[in-house]
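Asker: This is the content of query08.cif (mmCIF, C-alpha atoms):
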```cif
data_protein
#
loop_
_atom_site.label_atom_id
_atom_site.label_comp_id
_atom_site.auth_asym_id
_atom_site.auth_seq_id
_atom_site.Cartn_x
_atom_site.Cartn_y
_atom_site.Cartn_z
CA MET R 1 145.02 75.03 77.64
CA LEU R 2 145.94 76.73 80.90
CA LYS R 3 143.19 77.95 83.17
CA PRO R 4 143.61 81.55 84.48
CA GLU R 5 144.13 81.81 88.23
CA ILE R 6 143.72 84.89 90.44
CA ALA R 7 147.13 86.47 91.01
CA GLY R 8 146.36 89.33 93.41
CA ASP R 9 143.71 91.73 94.59
CA GLU R 10 141.42 93.48 92.14
CA GLU R 11 142.00 97.20 91.63
CA VAL R 12 139.18 99.70 91.14
CA MET R 13 140.05 101.77 88.06
CA TYR R 14 136.86 103.85 88.00
CA GLU R 15 134.02 104.29 90.46
CA GLY R 16 130.76 106.07 89.77
CA ARG R 17 127.54 106.07 91.79
CA ILE R 18 126.31 102.68 90.53
CA ILE R 19 129.07 101.40 88.19
CA GLU R 20 132.71 100.54 88.79
CA VAL R 21 135.46 99.25 86.52
CA VAL R 22 137.91 96.84 88.12
CA GLN R 23 141.07 95.08 86.95
CA GLN R 24 141.88 91.64 88.29
CA PRO R 25 145.41 90.25 87.81
CA MET R 26 145.22 86.68 86.51
CA LYS R 27 148.11 84.27 86.05
CA ILE R 28 148.12 82.16 82.90
CA GLY R 29 151.20 79.98 82.77
CA ASP R 30 154.21 82.30 83.07
CA LYS R 31 152.23 85.48 82.31
CA THR R 32 150.16 87.74 84.50
CA ILE R 33 147.39 89.54 82.64
CA LYS R 34 144.91 92.10 83.96
CA PHE R 35 141.31 91.22 83.17
CA GLU R 36 138.94 94.20 83.18
CA THR R 37 135.33 94.04 84.31
CA ALA R 38 132.59 96.61 84.72
CA ARG R 39 130.27 95.94 87.65
CA ARG R 40 126.89 97.48 88.37
CA SER R 41 124.47 97.12 91.22
CA PRO R 42 121.83 94.49 90.32
CA GLY R 43 118.24 95.20 89.41
CA VAL R 44 114.84 93.53 89.36
CA ARG R 45 112.19 93.10 86.69
CA ILE R 46 108.63 92.19 87.60
CA ILE R 47 106.27 90.11 85.47
CA PHE R 48 102.74 90.77 86.74
CA VAL R 49 100.26 88.25 85.33
CA LYS R 50 96.48 88.06 85.58
CA ASP R 51 93.76 86.52 83.43
CA GLY R 52 96.03 85.81 80.46
CA LYS R 53 97.49 89.31 80.49
CA MET R 54 100.78 90.82 81.54
CA LEU R 55 101.57 94.30 82.87
CA ILE R 56 104.02 96.21 80.68
CA THR R 57 105.08 99.80 81.26
CA HIS R 58 105.47 102.49 78.63
CA GLU R 59 108.36 104.42 80.11
CA TYR R 60 110.43 107.45 79.17
CA ARG R 61 114.13 106.53 79.20
CA THR R 62 116.71 109.30 79.21
CA GLU R 63 119.37 107.02 77.70
CA LEU R 64 117.07 106.50 74.69
CA ASN R 65 115.76 110.07 74.63
CA GLY R 66 112.35 108.53 74.14
CA PHE R 67 109.83 105.93 75.25
CA ASP R 68 110.32 102.17 75.56
CA TYR R 69 108.11 99.32 76.66
CA ARG R 70 109.55 97.40 79.60
CA LEU R 71 108.77 95.49 82.73
CA PRO R 72 108.40 97.38 86.01
CA GLY R 73 111.56 97.22 88.10
CA GLY R 74 114.56 99.06 89.40
CA LYS R 75 117.87 98.96 91.25
CA VAL R 76 118.31 96.61 94.21
CA PHE R 77 120.90 98.96 95.73
CA ASP R 78 121.08 102.69 95.06
CA THR R 79 124.87 102.92 95.46
CA LEU R 80 127.96 100.78 94.92
CA SER R 81 128.85 101.00 98.60
CA ASP R 82 125.47 99.49 99.53
CA TYR R 83 125.94 96.76 96.92
CA ARG R 84 129.46 95.93 98.18
CA LYS R 85 128.06 95.20 101.65
CA TYR R 86 125.81 92.48 100.26
CA ARG R 87 127.79 91.20 97.26
CA VAL R 88 129.49 88.48 99.28
CA SER R 89 126.37 86.30 99.21
CA ASP R 90 123.78 85.64 96.50
CA ASP R 91 121.26 84.86 99.28
CA TYR R 92 121.58 88.39 100.70
CA VAL R 93 121.28 89.97 97.27
CA LEU R 94 118.19 87.86 96.50
CA ALA R 95 116.58 88.85 99.83
CA ASN R 96 117.17 92.51 98.96
CA ALA R 97 115.78 91.87 95.47
CA VAL R 98 112.52 90.64 97.03
CA ASP R 99 112.26 93.88 99.02
CA THR R 100 112.97 95.85 95.84
CA VAL R 101 110.13 94.07 94.01
CA LYS R 102 107.72 95.21 96.72
CA ARG R 103 108.98 98.81 96.63
CA GLU R 104 109.19 99.16 92.84
CA ALA R 105 105.77 97.53 92.32
CA GLN R 106 104.15 100.18 94.47
CA GLU R 107 106.16 103.09 93.09
CA GLU R 108 105.98 102.27 89.38
CA VAL R 109 102.57 100.61 88.96
CA GLY R 110 100.68 101.09 92.24
CA LEU R 111 100.43 97.37 93.10
CA VAL R 112 101.27 95.31 96.19
CA PRO R 113 102.71 91.85 95.41
CA ILE R 114 101.20 89.01 97.44
CA VAL R 115 102.54 85.91 95.65
CA MET R 116 105.86 86.25 93.86
CA ASN R 117 108.40 83.78 92.55
CA HIS R 118 111.96 84.38 91.43
CA ILE R 119 112.18 82.69 88.02
CA HIS R 120 115.51 83.73 86.55
CA THR R 121 118.64 85.84 86.96
CA THR R 122 120.51 87.20 83.95
CA SER R 123 123.91 88.82 83.51
CA PRO R 124 125.00 90.37 80.19
CA GLY R 125 128.40 88.73 80.00
CA SER R 126 131.80 88.10 81.50
CA THR R 127 133.15 91.64 81.23
CA MET R 128 129.96 93.37 82.43
CA LEU R 129 128.53 92.11 85.69
CA TRP R 130 124.98 93.42 86.08
CA ASP R 131 122.50 90.86 87.30
CA LEU R 132 118.79 91.30 86.74
CA TYR R 133 116.51 89.24 89.00
CA TYR R 134 113.19 88.36 87.33
CA PHE R 135 110.08 87.68 89.41
CA VAL R 136 106.59 86.57 88.43
CA VAL R 137 103.85 88.09 90.58
CA SER R 138 100.66 86.07 90.21
CA GLU R 139 98.67 87.59 93.08
CA PHE R 140 98.59 91.25 94.00
CA GLU R 141 96.31 94.03 95.11
CA ASN R 142 96.07 97.72 94.41
CA HIS R 143 98.12 99.93 96.69
CA PRO R 144 95.87 102.45 98.51
CA ASN R 145 98.10 105.34 97.35
CA GLY R 146 98.37 104.06 93.77
CA GLN R 147 101.46 104.79 91.69
CA SER R 148 103.99 107.05 93.43
CA LEU R 149 106.95 107.76 91.17
CA GLU R 150 109.95 108.67 93.33
CA GLU R 151 112.71 109.65 90.90
CA GLU R 152 112.97 112.96 89.07
CA GLY R 153 111.91 112.69 85.45
CA GLU R 154 110.13 109.33 85.77
CA VAL R 155 107.25 108.95 83.32
CA ILE R 156 105.75 105.47 83.57
CA GLU R 157 102.39 104.41 82.16
CA PRO R 158 101.27 100.84 83.04
CA GLU R 159 99.41 98.88 80.35
CA TRP R 160 97.87 95.40 80.52
CA ARG R 161 98.63 93.39 77.37
CA THR R 162 97.68 89.88 76.26
CA HIS R 163 100.40 87.27 76.08
CA ASP R 164 100.16 87.37 72.27
CA GLU R 165 100.63 91.15 72.29
CA VAL R 166 103.68 90.88 74.59
CA ARG R 167 105.17 88.16 72.36
CA ALA R 168 104.69 90.42 69.31
CA MET R 169 106.26 93.37 71.18
CA CYS R 170 109.29 91.22 72.02
CA LEU R 171 109.70 90.19 68.40
CA ASP R 172 109.12 93.60 66.76
CA GLY R 173 111.54 95.47 69.06
CA SER R 174 108.91 97.45 70.99
CA ILE R 175 110.39 95.98 74.17
CA GLY R 176 113.98 97.12 73.83
CA GLU R 177 115.79 95.52 76.78
CA GLU R 178 117.13 92.40 75.06
CA ARG R 179 117.63 90.36 78.25
CA THR R 180 114.03 91.02 79.17
CA VAL R 181 112.90 89.94 75.70
CA ALA R 182 114.64 86.58 76.15
CA VAL R 183 113.17 86.02 79.61
CA LEU R 184 109.67 87.04 78.48
CA LEU R 185 109.74 84.77 75.43
CA ARG R 186 110.86 81.81 77.56
CA TYR R 187 108.20 82.59 80.14
CA LEU R 188 105.47 82.92 77.52
CA GLU R 189 106.53 79.64 75.92
CA SER R 190 106.29 77.91 79.32
CA GLN R 191 102.69 79.13 79.68
CA LYS R 192 101.40 77.43 76.51
#
```
Let me see the file written as structure tokens.

Answerer:
Amino acid sequence: MLKPEIAGDEEVMYEGRIIEVVQQPMKIGDKTIKFETARRSPGVRIIFVKDGKMLITHEYRTELNGFDYRLPGGKVFDTLSDYRKYRVSDDYVLANAVDTVKREAQEEVGLVPIVMNHIHTTSPGSTMLWDLYYFVVSEFENHPNGQSLEEEGEVIEPEWRTHDEVRAMCLDGSIGEERTVAVLLRYLESQK
């Protein structure tokens, strides 16, 4: 088996506001093949925990044309150009993710994180690069201004659920973001 090696600069084939498609020439033996990857600015998901309960949001999602249960969170960078500035180092992206947790917590659920821990980062696969940084917030306080949804069309209703309820929601499909389901189930298992 021959390992692919980079054989030139990547070429941007498509660029949107938050997603780009790139082709990277790779040499495998005598052949050069273009590998295609879609790349998106990373996001955060926040697991608020208190007294055996977890904060889940009931949120309208335009891509679903309906409601979904999810964790609070959002984009670390609003544009690809912002993301490109920081992509060179995971440390810089993680530092920006921490700032995003603070901002999204206030906007989406009206809380101010005090103690937070990064517990996991997921990516959907080799041809789609879209990291989600998961944080557990175990201490927080209410924001004096409460929830302040910033984006047009955002409808987000926070709900406190028991760990058993969240586990059931993961298993019955009520929580639709599959990566989040996996992270939540692992987290819940670690809390037994």

Asker: Rank R:Gly43, R:Gly66, R:Gly52, R:Gly173 by their smallest atom-to-atom distance to Glu104 of chain R, using all atoms listed in the file, and report the top residue only.

Answerer: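 Smallest distance to Glu104 of chain R is found for R:Gly43.
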
Asker: Kindly resolve the PyMOL selection byres ((chain R and resi 9) around 12) on the present coordinates and return the residues as a list in words.

Answerer: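 Evaluating the PyMOL selection byres ((chain R and resi 9) around 12) on this file yields Glu5, Ile6, Ala7, Gly8, Glu10, Glu11, Val12, Val22, Gln23, Gln24, Pro25, Met26, Lys34 and Phe35 of chain R.
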
Asker: Would you kindly return, as a PyMOL selection string, each protein, DNA or RNA residue with an atom no farther than 12 Å from any atom of Thr100 of chain R, considering all atoms listed in the file and excluding same-chain residues fewer than 2 positions away?

Answerer: chain R and resi 42-46+72-78+93-98+102-108+112-113+132-135

Asker: Pick out the closest residue to Thr79 of chain R from this set: R:Glu15, R:Asp99, R:Glu139, R:Asp131. Count all atoms listed in the file.

Answerer: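 With all atoms listed in the file as the atom set, the closest residue is R:Glu15.
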
Asker: Need the shell around Lys50 of chain R: protein/DNA/RNA residues with any atom at most 10 Å away, counting only C-alpha atoms. Skip same-chain ones fewer than 4 positions apart. Format as a list in words?

Answerer: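 Non-adjacent residues within range: Met54, Leu55, Val137, Ser138, Glu139, Phe140, Trp160 and Thr162 of chain R.
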
Asker: Generate the output file for the selected residues, C-alpha atoms, as an mmCIF file, in the frame of the given file.

Answerer:
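result-v8.cif, freshly written:
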```cif
data_model
loop_
_atom_site.group_PDB
_atom_site.id
_atom_site.type_symbol
_atom_site.label_atom_id
_atom_site.label_comp_id
_atom_site.auth_asym_id
_atom_site.auth_seq_id
_atom_site.Cartn_x
_atom_site.Cartn_y
_atom_site.Cartn_z
ATOM 1 C CA MET R 54 100.780 90.820 81.540
ATOM 2 C CA LEU R 55 101.570 94.300 82.870
ATOM 3 C CA VAL R 137 103.850 88.090 90.580
ATOM 4 C CA SER R 138 100.660 86.070 90.210
ATOM 5 C CA GLU R 139 98.670 87.590 93.080
ATOM 6 C CA PHE R 140 98.590 91.250 94.000
ATOM 7 C CA TRP R 160 97.870 95.400 80.520
ATOM 8 C CA THR R 162 97.680 89.880 76.260
#
```

Asker: Pull out every residue that the PyMOL selection byres ((chain R and resi 175-187) around 10) matches in the shown coordinates and put them as a ChimeraX atom specification.

Answerer: /R:45,47,56-58,64,67-71,119-124,132,134,136,163,166-174,188-192

Asker: Can I get the selected residues back with C-alpha atoms, as a CSV table (one decimal), in the coordinates of the input?

Answerer:
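Just written: out.csv:
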```
chain,number,residue,atom,x,y,z
R,45,ARG,CA,112.2,93.1,86.7
R,47,ILE,CA,106.3,90.1,85.5
R,56,ILE,CA,104.0,96.2,80.7
R,57,THR,CA,105.1,99.8,81.3
R,58,HIS,CA,105.5,102.5,78.6
R,64,LEU,CA,117.1,106.5,74.7
R,67,PHE,CA,109.8,105.9,75.2
R,68,ASP,CA,110.3,102.2,75.6
R,69,TYR,CA,108.1,99.3,76.7
R,70,ARG,CA,109.6,97.4,79.6
R,71,LEU,CA,108.8,95.5,82.7
R,119,ILE,CA,112.2,82.7,88.0
R,120,HIS,CA,115.5,83.7,86.6
R,121,THR,CA,118.6,85.8,87.0
R,122,THR,CA,120.5,87.2,84.0
R,123,SER,CA,123.9,88.8,83.5
R,124,PRO,CA,125.0,90.4,80.2
R,132,LEU,CA,118.8,91.3,86.7
R,134,TYR,CA,113.2,88.4,87.3
R,136,VAL,CA,106.6,86.6,88.4
R,163,HIS,CA,100.4,87.3,76.1
R,166,VAL,CA,103.7,90.9,74.6
R,167,ARG,CA,105.2,88.2,72.4
R,168,ALA,CA,104.7,90.4,69.3
R,169,MET,CA,106.3,93.4,71.2
R,170,CYS,CA,109.3,91.2,72.0
R,171,LEU,CA,109.7,90.2,68.4
R,172,ASP,CA,109.1,93.6,66.8
R,173,GLY,CA,111.5,95.5,69.1
R,174,SER,CA,108.9,97.4,71.0
R,188,LEU,CA,105.5,82.9,77.5
R,189,GLU,CA,106.5,79.6,75.9
R,190,SER,CA,106.3,77.9,79.3
R,191,GLN,CA,102.7,79.1,79.7
R,192,LYS,CA,101.4,77.4,76.5
```

Asker: Residue by residue, what does the PyMOL selection byres ((chain R and resi 149) around 9) grab here? Present the result as a PyMOL selection string.

Answerer: chain R and resi 106-109+147-148+150-152+154-156
